[in-house]
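Asks: Just one file: target01.tsv, with TSV, C-alpha atoms.
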```tsv
chain	number	residue	atom	x	y	z
A	29	MET	CA	93.70	-2.24	65.86
A	30	ALA	CA	92.51	1.33	66.25
A	31	TRP	CA	91.24	1.67	62.73
A	32	PHE	CA	89.05	4.63	63.56
A	33	GLY	CA	91.50	6.01	66.04
A	34	SER	CA	93.48	9.18	66.07
A	35	SER	CA	95.11	8.74	62.70
A	36	SER	CA	92.90	10.48	60.17
A	37	GLU	CA	94.26	8.39	57.29
A	38	ASP	CA	92.33	5.36	58.52
A	39	ASN	CA	88.95	7.00	58.18
A	40	ALA	CA	89.13	7.18	54.42
A	41	LYS	CA	89.36	3.39	54.29
A	42	ALA	CA	86.25	1.29	54.45
A	43	PRO	CA	85.84	-0.96	57.46
A	44	THR	CA	86.45	-4.61	56.75
A	45	ARG	CA	84.50	-7.64	57.88
A	46	SER	CA	86.90	-8.31	60.74
A	47	THR	CA	86.95	-4.73	62.03
A	48	ARG	CA	83.17	-4.67	61.89
A	49	LYS	CA	82.99	-7.88	63.87
A	50	GLN	CA	85.38	-6.56	66.47
A	51	CYS	CA	83.30	-3.42	66.85
A	52	TRP	CA	80.07	-5.41	67.18
A	53	ASP	CA	81.63	-7.71	69.79
A	54	SER	CA	82.82	-4.79	71.91
A	55	ARG	CA	79.43	-3.15	71.51
A	56	ASP	CA	77.64	-6.29	72.69
A	57	LYS	CA	79.88	-6.55	75.77
A	58	PHE	CA	79.20	-2.95	76.69
A	59	PHE	CA	75.45	-3.44	76.22
A	60	VAL	CA	75.48	-6.53	78.44
A	61	CYS	CA	77.01	-4.35	81.14
A	62	LEU	CA	74.27	-1.74	80.60
A	63	ASP	CA	71.63	-4.48	80.82
A	64	GLY	CA	73.08	-5.42	84.22
A	65	LEU	CA	72.65	-1.84	85.42
A	66	LYS	CA	69.18	-1.66	83.85
A	67	ILE	CA	70.17	1.39	81.87
A	68	ASP	CA	68.16	1.85	78.68
A	69	ASN	CA	69.54	5.07	77.33
A	70	ALA	CA	73.32	5.10	77.35
A	71	LEU	CA	73.27	8.73	76.23
A	72	ASP	CA	71.28	9.85	79.26
A	73	ASP	CA	73.34	12.47	81.13
A	74	SER	CA	72.07	11.44	84.55
A	75	LYS	CA	73.35	7.91	84.00
A	76	GLN	CA	76.87	8.82	82.92
A	77	GLN	CA	78.38	8.51	86.37
A	78	GLU	CA	76.91	5.08	86.92
A	79	ILE	CA	78.16	3.94	83.53
A	80	LYS	CA	81.62	5.32	84.24
A	81	LYS	CA	81.66	3.54	87.56
A	82	HIS	CA	80.61	0.07	86.41
A	83	CYS	CA	81.15	-0.20	82.66
A	84	ALA	CA	84.18	1.99	82.09
A	85	ALA	CA	86.34	-0.83	80.73
A	86	GLN	CA	83.68	-2.05	78.33
A	87	GLU	CA	82.91	1.45	77.14
A	88	LYS	CA	86.56	2.12	76.51
A	89	LEU	CA	86.86	-0.96	74.32
A	90	PHE	CA	83.63	-0.08	72.55
A	91	GLU	CA	84.96	3.39	71.76
A	92	ARG	CA	88.30	1.98	70.71
A	93	ASP	CA	86.85	-0.55	68.26
A	94	CYS	CA	84.06	1.52	66.76
A	95	ALA	CA	84.05	4.89	65.05
A	96	HIS	CA	82.62	7.74	67.08
A	97	SER	CA	79.61	8.03	64.78
A	98	TRP	CA	78.95	4.32	65.17
A	99	VAL	CA	79.13	4.48	68.97
A	100	LYS	CA	76.45	7.17	68.97
A	101	TYR	CA	74.37	5.32	66.39
A	102	PHE	CA	74.44	2.03	68.30
A	103	LYS	CA	73.55	3.71	71.61
A	104	GLU	CA	70.58	5.43	69.99
A	105	GLN	CA	69.56	2.27	68.23
A	106	ARG	CA	69.63	0.25	71.45
A	107	PHE	CA	67.43	2.78	73.26
A	108	TYR	CA	65.01	2.82	70.33
A	109	ALA	CA	64.86	-0.99	70.18
A	110	ILE	CA	64.21	-1.26	73.93
A	111	LYS	CA	61.43	1.35	73.74
A	112	LYS	CA	59.87	-0.37	70.76
A	113	GLU	CA	59.95	-3.77	72.40
A	114	ARG	CA	58.44	-2.39	75.59
A	115	PHE	CA	55.69	-0.66	73.64
A	116	ILE	CA	54.80	-3.81	71.73
A	117	LYS	CA	54.73	-5.82	74.97
A	118	GLU	CA	52.50	-3.23	76.60
A	119	MET	CA	50.12	-3.26	73.65
A	120	GLU	CA	49.97	-7.03	73.63
A	121	GLU	CA	49.06	-7.02	77.31
A	122	GLN	CA	46.13	-4.80	76.40
A	123	ASP	CA	45.09	-7.33	73.77
A	124	ALA	CA	45.82	-4.98	70.93
A	125	SER	CA	46.40	-6.49	67.53
A	126	PRO	CA	48.68	-4.90	64.96
A	127	LEU	CA	47.07	-3.09	62.07
A	128	PRO	CA	47.05	-5.20	58.93
A	129	LEU	CA	49.37	-3.11	56.79
A	130	SER	CA	49.35	-4.09	53.17
A	131	GLY	CA	53.04	-3.49	52.62
A	132	LYS	CA	54.04	-7.11	52.65
A	133	LYS	CA	53.19	-9.28	49.71
B	20	MET	CA	49.71	-46.11	34.04
B	21	PHE	CA	46.90	-43.92	35.25
B	22	ARG	CA	45.68	-43.29	31.75
B	23	SER	CA	45.30	-46.97	30.85
B	24	SER	CA	43.31	-47.70	33.99
B	25	LEU	CA	41.16	-44.72	33.20
B	26	ILE	CA	40.41	-46.01	29.71
B	27	ASN	CA	39.64	-49.40	31.21
B	28	SER	CA	37.19	-47.94	33.62
B	29	LEU	CA	35.48	-46.05	30.83
B	30	ARG	CA	35.22	-49.20	28.75
B	31	TYR	CA	33.97	-50.94	31.75
B	32	SER	CA	31.13	-48.59	32.41
B	33	ASN	CA	30.26	-48.68	28.74
B	34	ARG	CA	29.91	-52.42	28.80
B	35	ALA	CA	27.78	-52.30	31.87
B	36	SER	CA	25.35	-49.95	30.22
B	37	VAL	CA	25.16	-52.07	27.10
B	38	CYS	CA	24.28	-55.04	29.22
B	39	ARG	CA	21.65	-53.22	31.06
B	40	SER	CA	19.95	-52.03	27.92
B	41	SER	CA	20.06	-55.47	26.41
B	42	GLN	CA	18.48	-56.82	29.53
B	43	PHE	CA	15.61	-54.45	29.14
B	44	LEU	CA	15.04	-54.82	25.46
B	45	THR	CA	15.58	-58.51	24.93
B	46	PRO	CA	15.89	-60.52	28.07
B	47	SER	CA	17.28	-63.42	26.15
B	48	THR	CA	19.54	-65.79	27.98
B	49	ARG	CA	22.28	-65.90	25.49
B	50	LEU	CA	22.70	-62.21	25.08
B	51	PHE	CA	22.57	-61.68	28.76
B	52	SER	CA	25.06	-64.33	29.69
B	53	SER	CA	27.45	-63.19	27.03
B	54	CYS	CA	27.20	-59.81	28.57
B	55	SER	CA	28.05	-60.90	32.02
B	56	VAL	CA	31.02	-62.76	30.65
B	57	LEU	CA	32.22	-59.61	29.03
B	58	LYS	CA	31.74	-57.73	32.19
B	59	ASN	CA	33.42	-59.93	34.64
B	60	SER	CA	34.38	-63.47	33.92
B	61	SER	CA	34.90	-64.49	37.52
B	62	ALA	CA	31.56	-63.09	38.59
B	63	SER	CA	29.63	-64.76	35.79
B	64	THR	CA	30.52	-68.28	36.94
B	65	GLU	CA	28.84	-67.77	40.24
B	66	PRO	CA	25.28	-67.08	39.09
B	67	SER	CA	25.25	-70.01	36.66
B	68	THR	CA	25.53	-72.46	39.55
B	69	ALA	CA	23.17	-70.55	41.81
B	70	ALA	CA	20.47	-69.80	39.28
B	71	PRO	CA	18.94	-73.24	38.62
B	72	LYS	CA	18.23	-73.81	42.29
B	73	LYS	CA	16.28	-70.63	42.69
B	74	ARG	CA	14.27	-71.02	39.54
B	75	LYS	CA	10.63	-71.71	40.33
B	76	GLN	CA	7.83	-72.71	38.04
B	77	LEU	CA	6.65	-69.95	35.74
B	78	SER	CA	9.64	-68.05	36.80
B	79	ARG	CA	10.60	-65.11	34.73
B	80	ILE	CA	14.17	-66.08	34.92
B	81	ALA	CA	15.20	-67.67	31.70
B	82	ILE	CA	16.74	-71.11	31.67
B	83	GLY	CA	20.41	-70.81	32.34
B	84	GLY	CA	19.82	-67.18	33.30
B	85	SER	CA	20.60	-65.61	36.59
B	86	ASP	CA	18.64	-63.77	39.20
B	87	SER	CA	17.98	-60.32	37.86
B	88	LYS	CA	18.00	-58.89	41.37
B	89	LYS	CA	21.51	-60.06	41.91
B	90	GLU	CA	22.46	-58.87	38.50
B	91	LYS	CA	21.11	-55.45	39.24
B	92	LEU	CA	23.08	-55.31	42.44
B	93	ARG	CA	26.21	-56.20	40.62
B	94	ASP	CA	25.43	-53.64	37.97
B	95	ALA	CA	25.03	-50.99	40.58
B	96	SER	CA	28.31	-51.89	42.19
B	97	SER	CA	30.11	-51.74	38.88
B	98	ILE	CA	28.65	-48.32	38.26
B	99	GLU	CA	29.72	-47.31	41.71
B	100	PHE	CA	33.16	-48.59	40.95
B	101	SER	CA	33.45	-46.48	37.81
B	102	THR	CA	31.99	-43.36	39.43
B	103	TRP	CA	34.57	-43.74	42.17
B	104	LYS	CA	37.26	-43.66	39.53
B	105	ALA	CA	35.57	-40.80	37.75
B	106	GLY	CA	35.46	-38.96	41.04
B	107	VAL	CA	39.16	-39.40	41.52
B	108	LEU	CA	39.72	-38.32	37.95
B	109	LEU	CA	37.61	-35.22	38.50
B	110	LEU	CA	39.53	-34.39	41.65
B	111	VAL	CA	42.91	-34.87	40.03
B	112	VAL	CA	42.09	-33.03	36.81
B	113	GLY	CA	40.18	-30.38	38.71
B	114	SER	CA	42.92	-29.62	41.17
B	115	ALA	CA	45.50	-29.64	38.38
B	116	MET	CA	43.41	-27.08	36.50
B	117	VAL	CA	42.91	-24.95	39.61
B	118	TYR	CA	46.64	-25.05	40.26
B	119	TYR	CA	47.40	-24.11	36.65
B	120	PHE	CA	44.94	-21.24	36.56
B	121	LYS	CA	46.10	-19.91	39.90
B	122	LYS	CA	49.67	-20.03	38.67
B	123	GLU	CA	48.76	-18.30	35.43
B	124	LYS	CA	46.78	-15.69	37.32
B	125	LYS	CA	49.75	-15.04	39.57
B	126	ARG	CA	51.97	-14.71	36.52
B	127	LEU	CA	49.61	-12.22	34.90
B	128	ASP	CA	49.37	-10.28	38.16
B	129	THR	CA	53.15	-10.12	38.35
B	130	GLN	CA	53.30	-8.91	34.76
B	131	ARG	CA	50.67	-6.29	35.42
B	132	GLU	CA	52.50	-5.12	38.52
B	133	ALA	CA	55.79	-4.91	36.64
B	134	GLU	CA	54.12	-3.04	33.81
B	135	ALA	CA	52.59	-0.57	36.23
B	136	ASN	CA	55.99	-0.02	37.84
B	137	ARG	CA	57.65	0.51	34.49
B	138	GLY	CA	55.20	3.31	33.94
B	139	TYR	CA	54.69	5.32	30.82
B	140	GLY	CA	56.94	8.02	29.47
B	141	LYS	CA	59.26	9.17	32.19
B	142	PRO	CA	60.13	6.30	34.52
B	143	LEU	CA	58.87	6.53	38.09
B	144	ILE	CA	62.06	5.02	39.47
B	145	GLY	CA	65.37	4.88	37.64
B	146	GLY	CA	66.51	6.68	34.53
B	147	PRO	CA	69.75	7.99	33.09
B	148	PHE	CA	72.76	8.28	35.38
B	149	ASN	CA	76.43	8.89	34.88
B	150	LEU	CA	78.72	7.18	37.40
B	151	VAL	CA	82.01	5.28	37.55
B	152	ASP	CA	82.45	1.65	38.59
B	153	ASP	CA	84.99	0.29	41.05
B	154	ASN	CA	87.58	-0.02	38.27
B	155	GLY	CA	87.21	3.68	37.47
B	156	LYS	CA	85.36	3.01	34.22
B	157	PRO	CA	82.20	4.91	33.28
B	158	PHE	CA	78.95	3.20	34.12
B	159	THR	CA	75.60	4.51	32.93
B	160	GLU	CA	72.01	3.30	32.62
B	161	LYS	CA	73.08	1.69	29.31
B	162	ASN	CA	75.07	-0.87	31.30
B	163	LEU	CA	71.77	-2.13	32.70
B	164	LEU	CA	70.55	-3.23	29.27
B	165	GLY	CA	70.44	-6.90	28.38
B	166	LYS	CA	70.51	-8.32	31.90
B	167	TRP	CA	68.57	-8.21	35.10
B	168	SER	CA	70.08	-5.96	37.75
B	169	LEU	CA	69.62	-5.63	41.46
B	170	VAL	CA	70.49	-2.14	42.67
B	171	TYR	CA	71.25	-1.27	46.26
B	172	PHE	CA	72.21	2.08	47.77
B	173	GLY	CA	74.46	2.39	50.80
B	174	PHE	CA	77.91	3.45	51.92
B	175	THR	CA	81.00	1.61	53.05
B	176	HIS	CA	81.09	3.19	56.52
B	177	CYS	CA	77.62	1.86	57.22
B	178	PRO	CA	77.48	0.41	60.75
B	179	ASP	CA	75.17	-2.58	60.39
B	180	ILE	CA	72.37	-2.46	57.84
B	181	CYS	CA	74.40	-2.27	54.61
B	182	PRO	CA	76.76	-5.14	55.45
B	183	ASP	CA	73.78	-7.28	56.49
B	184	GLU	CA	71.92	-6.46	53.32
B	185	LEU	CA	74.99	-7.01	51.14
B	186	ASP	CA	75.54	-10.41	52.76
B	187	LYS	CA	71.90	-11.20	52.02
B	188	MET	CA	72.36	-10.02	48.45
B	189	ALA	CA	75.38	-12.32	48.02
B	190	ILE	CA	73.34	-15.33	49.19
B	191	MET	CA	70.49	-14.33	46.88
B	192	LEU	CA	72.86	-14.09	43.90
B	193	ASP	CA	74.23	-17.57	44.50
B	194	LYS	CA	70.79	-19.04	45.06
B	195	LEU	CA	69.43	-17.46	41.89
B	196	GLU	CA	72.36	-18.67	39.85
B	197	ILE	CA	72.71	-22.17	41.24
B	198	ASP	CA	69.07	-23.08	41.95
B	199	HIS	CA	67.30	-21.20	39.18
B	200	ASN	CA	69.99	-20.43	36.61
B	201	ILE	CA	69.16	-16.72	36.77
B	202	ASP	CA	72.08	-14.36	36.26
B	203	ILE	CA	71.72	-11.02	38.03
B	204	GLN	CA	74.03	-8.03	37.83
B	205	PRO	CA	74.49	-6.81	41.41
B	206	ILE	CA	75.06	-3.07	41.76
B	207	PHE	CA	75.98	-1.16	44.90
B	208	ILE	CA	75.71	2.63	44.57
B	209	THR	CA	77.31	4.70	47.29
B	210	CYS	CA	75.54	7.67	48.86
B	211	ASP	CA	78.84	8.83	50.29
B	212	PRO	CA	81.00	9.82	47.30
B	213	ALA	CA	83.45	11.82	49.43
B	214	ARG	CA	84.82	8.74	51.19
B	215	ASP	CA	83.90	5.99	48.74
B	216	SER	CA	86.38	6.21	45.90
B	217	PRO	CA	86.49	3.39	43.31
B	218	GLU	CA	89.41	1.79	45.18
B	219	VAL	CA	87.63	1.89	48.54
B	220	MET	CA	84.52	0.42	46.94
B	221	LYS	CA	86.46	-2.37	45.25
B	222	GLU	CA	88.15	-3.42	48.45
B	223	TYR	CA	84.93	-3.20	50.42
B	224	LEU	CA	82.82	-5.19	47.97
B	225	SER	CA	85.42	-7.92	47.47
B	226	GLU	CA	84.40	-9.19	50.91
B	227	PHE	CA	80.83	-9.78	49.80
B	228	HIS	CA	80.62	-11.18	46.28
B	229	PRO	CA	83.04	-11.24	43.34
B	230	LYS	CA	80.30	-10.14	40.94
B	231	MET	CA	79.34	-7.04	42.92
B	232	ILE	CA	79.78	-3.80	40.99
B	233	GLY	CA	80.35	-0.67	43.07
B	234	LEU	CA	79.35	2.68	41.63
B	235	THR	CA	80.52	6.07	42.77
B	236	GLY	CA	80.93	9.47	41.16
B	237	GLU	CA	80.82	13.19	41.60
B	238	TYR	CA	78.65	14.55	44.40
B	239	GLU	CA	76.09	16.00	41.97
B	240	ASP	CA	75.93	12.79	39.90
B	241	ILE	CA	75.33	10.68	42.99
B	242	LYS	CA	72.72	13.13	44.23
B	243	SER	CA	70.89	13.04	40.90
B	244	THR	CA	71.01	9.24	40.77
B	245	CYS	CA	69.62	8.99	44.30
B	246	LYS	CA	66.84	11.38	43.36
B	247	LYS	CA	65.91	9.32	40.32
B	248	TYR	CA	65.75	6.17	42.42
B	249	ARG	CA	63.73	8.00	45.07
B	250	VAL	CA	66.49	7.49	47.61
B	251	TYR	CA	66.58	9.91	50.51
B	252	PHE	CA	69.90	11.69	50.20
B	253	SER	CA	71.25	13.57	53.19
B	254	THR	CA	74.99	13.52	52.66
B	255	PRO	CA	76.50	16.93	53.33
B	256	LYS	CA	78.37	18.38	50.38
B	257	ASP	CA	81.63	19.60	51.86
B	258	VAL	CA	82.71	16.71	54.04
B	259	LYS	CA	86.31	15.57	53.99
B	260	PRO	CA	87.19	11.93	53.41
B	261	ASN	CA	88.68	11.58	56.89
B	262	GLN	CA	85.65	12.95	58.66
B	263	ASP	CA	83.56	10.62	60.77
B	264	TYR	CA	79.86	10.75	59.94
B	265	LEU	CA	76.93	8.59	58.92
B	266	VAL	CA	74.60	9.10	55.99
B	267	ASP	CA	71.00	8.08	55.57
B	268	HIS	CA	70.07	5.88	52.70
B	269	SER	CA	67.25	3.78	51.35
B	270	ILE	CA	67.16	0.12	52.33
B	271	PHE	CA	65.46	-1.24	49.23
B	272	PHE	CA	66.74	-3.55	46.57
B	273	TYR	CA	65.62	-2.26	43.19
B	274	LEU	CA	65.01	-4.94	40.59
B	275	MET	CA	65.63	-3.64	37.08
B	276	ASP	CA	64.59	-5.62	34.00
B	277	PRO	CA	66.84	-6.19	30.94
B	278	GLU	CA	65.50	-2.94	29.45
B	279	GLY	CA	66.90	-1.10	32.44
B	280	GLN	CA	63.43	-0.36	33.74
B	281	PHE	CA	62.37	-0.63	37.34
B	282	VAL	CA	59.98	-3.51	38.03
B	283	ASP	CA	60.07	-4.16	41.77
B	284	ALA	CA	61.44	-2.97	45.09
B	285	LEU	CA	62.30	-5.43	47.84
B	286	GLY	CA	62.39	-4.11	51.37
B	287	ARG	CA	63.80	-5.57	54.55
B	288	ASN	CA	60.65	-7.61	55.05
B	289	TYR	CA	62.06	-10.03	52.47
B	290	ASP	CA	64.62	-12.56	53.63
B	291	GLU	CA	66.97	-14.23	51.17
B	292	ASN	CA	64.45	-16.98	50.37
B	293	THR	CA	61.37	-14.85	49.80
B	294	ALA	CA	63.44	-12.33	47.86
B	295	VAL	CA	64.73	-15.08	45.58
B	296	GLU	CA	61.14	-16.27	45.06
B	297	LYS	CA	60.00	-12.76	44.22
B	298	ILE	CA	62.83	-12.18	41.76
B	299	LYS	CA	62.26	-15.54	40.13
B	300	GLN	CA	58.58	-14.69	39.75
B	301	GLN	CA	59.46	-11.46	37.96
B	302	VAL	CA	62.06	-13.10	35.74
B	303	ASP	CA	59.63	-15.89	34.81
B	304	ALA	CA	56.83	-13.45	34.06
B	305	TYR	CA	59.03	-11.16	31.99
B	306	ILE	CA	58.04	-10.52	28.41
B	307	PRO	CA	60.21	-8.33	26.16
B	308	LYS	CA	58.87	-4.88	25.34
B	309	ASP	CA	57.92	-5.50	21.70
B	310	GLN	CA	55.86	-8.53	22.70
B	311	ARG	CA	54.23	-6.61	25.52
B	312	GLU	CA	53.15	-3.94	23.10
B	313	LYS	CA	51.96	-6.38	20.49
B	314	ARG	CA	49.87	-8.08	23.13
B	315	LYS	CA	48.23	-4.83	24.10
B	316	GLU	CA	46.92	-4.45	20.57
B	317	GLY	CA	45.92	-8.09	20.25
B	318	TRP	CA	42.58	-9.82	20.58
B	319	PHE	CA	43.09	-10.84	24.17
B	320	SER	CA	44.34	-7.47	25.33
B	321	PHE	CA	41.50	-7.25	27.85
B	322	LEU	CA	43.09	-10.13	29.73
B	323	TYR	CA	46.18	-8.15	30.48
B	324	ASN	CA	44.59	-4.95	31.71
```
Let me see the structure of the file written as structure tokens.
Replies:
Amino acid sequence: MAWFGSSSEDNAKAPTRSTRKQCWDSRDKFFVCLDGLKIDNALDDSKQQEIKKHCAAQEKLFERDCAHSWVKYFKEQRFYAIKKERFIKEMEEQDASPLPLSGKK
Amino acid sequence: MFRSSLINSLRYSNRASVCRSSQFLTPSTRLFSSCSVLKNSSASTEPSTAAPKKRKQLSRIAIGGSDSKKEKLRDASSIEFSTWKAGVLLLVVGSAMVYYFKKEKKRLDTQREAEANRGYGKPLIGGPFNLVDDNGKPFTEKNLLGKWSLVYFGFTHCPDICPDELDKMAIMLDKLEIDHNIDIQPIFITCDPARDSPEVMKEYLSEFHPKMIGLTGEYEDIKSTCKKYRVYFSTPKDVKPNQDYLVDHSIFFYLMDPEGQFVDALGRNYDENTAVEKIKQQVDAYIPKDQREKRKEGWFSFLYN
């Protein structure tokens, strides 16, 4: 099922619903493992050894089921989401209220 | 049902006032009693038995008449009764009017907003483009004429946002068609022409909705289309189809009216329900161009500006 694997032919084809789902599932499993290690940024160089030690199997599946560009994208996205959530929580603890932006109608 | 009771209550209050005036002008027994009969037959039997007992010598109460105090009380209560109904009527009619005017105001606002988005002269968003659909046939801005279109930009190798948004779009299309009988032409324009050939697009879109039209084209044509729709375009020019990369793209749905003009953009803050509401609002408020222009010259043009 290595649709993004070594064969370059596969890349020209669009991912299907099932391949997307498989990728997302593997991603979620890997991220659960990272949550257990309390690692926010999976791209952090200093954390690579720890990830290799504890989440190697999950990472391997993640990289097998998702394209390389997706793996990078999801890792960045997770770090961004965690930072954003933490920031919002911090602000709420300081009783800050969000600015009323008029974008939404 | 409501109307007949309303008329009754009006008649009722009319009668009461006639009686009162007759009481003042000519306090004659006959007139008065005939009045109370008219007013309320069950109530009029009561005073006729009670009145003779209370009547003292030199009393002002006419023979066979009833106590005017009591009569007044009853009059007051009958007025109260009718004002209660009038109050309800006022509330019902009033709130119906408020609802209607609010709705009309909303409709005019939507029209004004759409008109502002259409712009004058050169369109702010949209315009001529020259692409091919997923069957390899040419598709230009002329294909937008005569029907509402919902345009979305993306690419088939999109990790999560595009498939989510396309799923949302499919639900919206069904909702609009089944619940509101609104037919929308769904268009997906790729920002990644190197990998997204018509065949790839066709296969990809078949998983979302049968009506979905996928547009692709030459690099320069896609770039120009993205520019016209104010879509940030970052796709490198000389990528090979088997390369692994991501492209940035806008995450708006562009609603185009049957003249092919842009009227609204729906961002990710809309879910499938609110988006359907918004589209329905625009479709309901839509007035063809010739009528819009006629209205601008008309007597009530100030209302629409």
Asks: Taking (64.6, -4.1, 36.3) in the file's coordinates, which residues come within 9 Å, counting only C-alpha atoms, written as number ranges by chain?
Replies: B: 133, 137, 163, 166-170, 273-283
Asks: Around all the atoms of range 103-108 of chain A listed in the file, with 4 Å of room on each side, what axis-aligned box do you get, giving centre and edge lengths in Å to one decimal, as JSON?
Replies:
```
{"center_x": 69.3, "center_y": 2.8, "center_z": 70.7, "size_x": 16.5, "size_y": 13.2, "size_z": 13.0}
```
Asks: Could you list the residues in chain B lying within 6 Å of chain A, using all atoms listed in the file, and format the result as a CSV table (one decimal) with C-alpha atoms, in the frame of the given file?
Replies:
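Below is the file selection.csv, written as the result:
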```
chain,number,residue,atom,x,y,z
B,175,THR,CA,81.0,1.6,53.0
B,176,HIS,CA,81.1,3.2,56.5
B,214,ARG,CA,84.8,8.7,51.2
B,260,PRO,CA,87.2,11.9,53.4
B,261,ASN,CA,88.7,11.6,56.9
B,264,TYR,CA,79.9,10.8,59.9
```
Asks: Excluding Asp215 in chain B and any residue of its chain fewer than 3 positions from it, enumerate the residues within 10 Å of it, using only C-alpha atoms, and give them as a PDB file with C-alpha atoms, in the coordinates of the input.
Replies:
```pdb
ATOM      1  CA  ALA A  40      89.130   7.180  54.420  1.00  0.00           C
ATOM      2  CA  LYS A  41      89.360   3.390  54.290  1.00  0.00           C
ATOM      3  CA  ALA A  42      86.250   1.290  54.450  1.00  0.00           C
TER       4      ALA A  42
ATOM      5  CA  ASP B 153      84.990   0.290  41.050  1.00  0.00           C
ATOM      6  CA  PHE B 174      77.910   3.450  51.920  1.00  0.00           C
ATOM      7  CA  THR B 175      81.000   1.610  53.050  1.00  0.00           C
ATOM      8  CA  HIS B 176      81.090   3.190  56.520  1.00  0.00           C
ATOM      9  CA  ILE B 208      75.710   2.630  44.570  1.00  0.00           C
ATOM     10  CA  THR B 209      77.310   4.700  47.290  1.00  0.00           C
ATOM     11  CA  CYS B 210      75.540   7.670  48.860  1.00  0.00           C
ATOM     12  CA  ASP B 211      78.840   8.830  50.290  1.00  0.00           C
ATOM     13  CA  PRO B 212      81.000   9.820  47.300  1.00  0.00           C
ATOM     14  CA  GLU B 218      89.410   1.790  45.180  1.00  0.00           C
ATOM     15  CA  VAL B 219      87.630   1.890  48.540  1.00  0.00           C
ATOM     16  CA  MET B 220      84.520   0.420  46.940  1.00  0.00           C
ATOM     17  CA  LYS B 221      86.460  -2.370  45.250  1.00  0.00           C
ATOM     18  CA  TYR B 223      84.930  -3.200  50.420  1.00  0.00           C
ATOM     19  CA  GLY B 233      80.350  -0.670  43.070  1.00  0.00           C
ATOM     20  CA  LEU B 234      79.350   2.680  41.630  1.00  0.00           C
ATOM     21  CA  THR B 235      80.520   6.070  42.770  1.00  0.00           C
ATOM     22  CA  GLY B 236      80.930   9.470  41.160  1.00  0.00           C
ATOM     23  CA  PRO B 260      87.190  11.930  53.410  1.00  0.00           C
TER      24      PRO B 260
END
```
Asks: One decimal, Å: what's the distance from CA of Glu222 in chain B over to CA of Ile206 in chain B, could you say?
Replies: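 Between these atoms lies a distance of 14.7 Å.
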Asks: What is the distance, in Å and to one decimal place, between CA of Gln86 in chain A and CA of Phe58 in chain A?
Replies: 4.9 Å
Asks: Between CA of Arg126 in chain B and CA of Pro205 in chain B, what distance in Å does the model show, to one decimal?
Replies: 24.4 Å
Asks: For each of B:Gly106, B:Val295, B:Gln262, B:Ser269, take the minimum atom-to-atom distance to Ala189 in chain B, counting all atoms listed in the file, then give the residue where this is smallest.
Replies: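 The closest residue to Ala189 in chain B is B:Val295.
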Asks: Find the residues around Cys83 in chain A up to 7 Å (only C-alpha atoms counted), leave out those fewer than 4 positions away in its own chain, and share them as a PyMOL selection string.
Replies: chain A and resi 58+61+79+87
Asks: Using all atoms listed in the file, which of the listed residues (A:Asp123, A:Glu104, A:Asp68, A:Asp63) sits closest to His82 in chain A?
Replies: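 Between A:Asp123, A:Glu104, A:Asp68, A:Asp63, the residue approaching His82 in chain A most closely is A:Asp63.
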Asks: Determine the nearest neighbour of Lys122 in chain B from the options B:Gly165, B:Glu239, B:Phe271, B:Asp303, counting only C-alpha atoms.
Replies: B:Asp303
